[in-house]
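All remarks here apply to the structure that follows.
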Amino acid sequence: MLRPCSGLYPIIIISMKIAYISTYLPKECGIATFTSDLLQAVALHNEELTQHVFAVADRDYVYPSEVVFQIDQHAQLSYIEAANYINENGYDCVILEHEYGIFGGNSGMYILSLINALHIPLLVNFHTILEKPNVDEKAILIEIVKRASIVTVMSNYAITLLKNIYRVNTTKVVLIHHGVPEFTLDHELAKFKKGLSGKKVLLTFGFLGRNKGIEMVIESLPEVVKDEPDLVYLIVGKTHPNVLAHSGEEYREYLGSLVEAYHLEQHVRFVNSFVSQTDLVEYLCACDVYVTPYINEAQITSGTLSYAIGAGAAVVSTPYWHAKELLADGRGVLVEFKNSARMAEVLKNLFSNLDYRTTLRDNAEAFGKELTWKNIGLRYTRVLEKIIPTSDGLKENVAFTKDEMPKFSWKHIDRLTNQVGILQHATYSLPNYKEGYCIDDNARALLLTLLAQDDFADKKLDRRISTYLSYIYYHQREDGLFHNFMDFQHNFLDDIGSEDSFGRTIWALGVLLRKTELTSYYQLGRELFFRAVPNFSQLRSIRAIAYTVLGIAEYLHDQSNDEVMIELIRTLIGKLVWEYDASSDEHWQWFEPVLTYDNAILPYALLAASSFLNDDKIKQLGLSTLKFLESITIQNGALSLVGNQEWAKQGKHISKFGQQPLDVTAMVFMYREAFKLTNKKIYFNRMIASFRWFLGENDLRLGLYDEETKGCCDGLESYGINRNQGAESTLCFYLAYIEVYRAFKYSDQGLR
């Protein structure tokens with residue numbers, strides 16, 4: 001609702017409480033200045049307004065009163081605490097000022113933890129949109145757009161990039177130019193105030209860094225000052241803090257050496273400070289020509305250029321993206337990148353031709369009036385007016401369907417597999433031969449190929465089964481145990497593999513005995529399985545016991561009258577029950593005093609065994625430990641695993657990193673089994689929620705499945721995604737995939 005007012009600006013009556021997430025003054029940062037200006041501009045148009053800032057800080061600052069929360073840039077927990085504060089304190093909307101470098105984590109990914117925990121509308125200002133983003137940068141921007149109610153950008157080319165590079169729906173994207181102050185100071189008075197009377201003033205301002213290309217202007221000046229002996233080039237601004245931290249004042253000193261080399265000491269002045277807005281206005285009003293000589297075109301927004309247009313300056317610029325847009329229609333002159341000779345020609349023409357210079361200034365000034373903060377503030381207020389009423393039900397939990405699953409692919413698995421077996425590790429998506437092979441992954445690969453044969457068989461399936469089974473055969477010792485690790489030269493790296501690798505191999509062999517239709521595979525698999533049986537009762541690792549139980553259970557599906565195996569599975573389950581009784585109490589219902597890795601495999605083994613033992617107590621223990629595990633690992637309907645940085649203990653904070661795909665797959669198998677036994681839809685839903693961890697429903701809000709390579713990244717780390725795509729991660733993704741796919745398939749057919 002608009003109300004007439006006696007002042008300069010219309011007043012829009014909306015009762016709003018807004019949280020801004022940004023850097024903030026006194027931090028010397030363009031984003032901080034922008035946010036401060038935006039707060040004031042929006043306040044001009046609304047009397048019923050509360051605005052608070054959640055300042056992202058790299059150190060302690062003495063902030064003004066509008067800052068109510070300081071986010072530690074490099075502490076992910078701080079972002080989550082900020083989200084909780086916002087949710088609990090009655091805010092109507094969040095405005096996020098996004099620039100990759102101001103947030104913590106790889107490419108600033110910690111901000112995703114904050115925005116995805118919010119319960120209210122989100123408006124995002126993108127200050128940078130990259131034409132060639134890395135994997136994290138692209139994924140982060142797509143996720144932010146997905147979560148945002150409205151996205152604002154400062155140029156039309158930014159919208160083009162969003163559409164063509166990021167493939168986002170631009171219906172929620174709004175163009176609002178960078179705001180500028182009102183420039184009312186007389187040109188000659190401004191020169192007088194700065195001690196520049198009688199001078200022709202060329203100006204560049206902003207943080208200094210190599211990408212600013214100021215050397216191009218300095219190199220052009222010897223020709224210019226021949227005709228313009230009263231010219232002064234002002235270079236106003238500090239060295240960028242990031243440049244200062246890594247290179248010191250090397251760039252400024254380099255520019256100084258150029259000034260000396262060209263004997264321009266009387267014509268070039270450095271103002272090495274982060275100037276106030278009052279000073280900046282005076283400098284801009286005093287300048288005759290403003291220049292932005294950036295060295296490459298990938299600059300989607302330039303606040304300094306916007307200020308120069310707002311000041312009605314005659315502008316010369318290299319043709320970076322924002323300059324080509326703002327300087328169109330006779331508002332400035334473009335000069336080729338790194339062409340100091342052409343720069344000299346243009347500057348000489350401008351300084352010698354007052355009429356031409358005046359025309360450029362008039363054109364810039366006319367457009368600049370649209371960019372004043374009072375007008376920009378009104379545009380933001382109009383946008384806020386539209387999104388505030390939509391806060392109810394903002395984040396609907398839309399059902400996940402089979403059609404939303406990526407297409408099954410053997411591509412990355414085959415990339416890692418050679419004639420020997422599947423290699424353990426990858427560097428990004430390329431096989432890492434240095435790390436060799438292990439039986440853990442070849443057992444997983446055998447398990448996957450067997451489970452995939454009903455729905456995802458292709459002409460190479462038999463060869464894969466043969467390769468992985470042969471690897472296991474080669475690794476079994478005479479006593480039935482297995483080697484685990486082998487180098488690329490086919491040398492064993494251990495005498496006896498771990499108990500866990502033994503158990504995983506037995507699980508895969510059990511599935512082979514149940515699923516294979518080839519007699520030769522069955523015969524070899526049976527020999528390997530029963531050669532290993534004497535070692536079952538000697539197992540101590542509870543996870544090795546669980547894997548072995550699963551292998552026996554698979555065998556018993558087709559050999560249900562084998563009483564020896566039934567008693568063996570009863571003995572092994574008894575060991576798990578004994579461990580549970582020894583470690584559990586009223587508050588800690590688990591098999592050991594700590595939650596470590598692959599935890600869900602333990603309840604899964606109990607549930608899988610209960611059908612063969614006809615023991616409801618075992619089933620109930622499986623369900624109760626499942627419930628305990630999910631009380632820790634299911635947060636807000638999404639999977640939040642125990643990370644391996646520090647295992648979870650009773651009463652202690654749970655580490656969120658690094659989370660591993662094998663833990664997710666165990667959760668999927670556990671919930672699938674619980675659903676089959678109970679037919680309770682909650683277990684089906686939790687299975688889907690667990691699988692969606694791979695697709696971005698996780699603590700970092702980034703997917704680990706790589707659509708390009710068809711592999712899966714190795715985990716969630718404190719810095720972001722581990723982008724290596726080893727065998728374990730990819731195999732675990734597809735094992736979980738198959739379980740979810742089959743669950744959907746049987747559900748579609750009306751089967752449990």
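In the structure tokens, each chain is lettered A, B, ... as it comes, each chain's residues begin at 1, and ligands are numbered from 1 in order of appearance.
Taking only C-alpha atoms, the non-local environment of Arg464 in chain A within 12 Å (same-chain residues fewer than 4 positions away omitted) comprises Trp410, Ile413, Asp414, Leu416, Thr417, Asn418, Gln419, Val420, Gly421, Ile422, Asn442, Ala443, Arg444, Ala445, Leu446, Leu447, Leu448, Thr449, Leu450, Ala452, Gln453, Ala457, Asp458, Lys459, Lys460, Tyr468, Leu469, Ser470 and Tyr471 of chain A.
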Worksheet item: With only C-alpha atoms as the atoms that count, which of A:Glu228, A:Asp60, A:Asp616, A:Asp598 lies nearest to Met667 in chain A?
Response: A:Asp598
Discussion item. Can you pull out every residue from range 12-69 of chain A that DSSP, working from the backbone, puts in alpha helix (DSSP H), and format the result as a PyMOL selection string?
Written reply: chain A and resi 30-43
Item to complete: From a DSSP pass on the backbone, collect the residues of range 106-267 of chain A flagged as strand (DSSP E) and hand them back as number ranges by chain.
Response: A: 122-126, 150-153, 173-175, 200-205, 231-236
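When only C-alpha atoms are used to measure the gap to Val740 in chain A, the shortest distance among A:Arg723, A:Arg686, A:Lys212, A:Arg342 belongs to A:Arg686.
You will find CA of Leu493 in chain A at 21.3 Å from CA of Ser541 in chain A.
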Worksheet item: Can you tell me, as a PyMOL selection string, what residues are no more than 12 Å from Gln76 in chain A when counting only C-alpha atoms, ignoring any on the same chain fewer than 3 positions away?
Response: chain A and resi 56+71-73+79-83+103-106+108-114+655-657+699-700+717-720
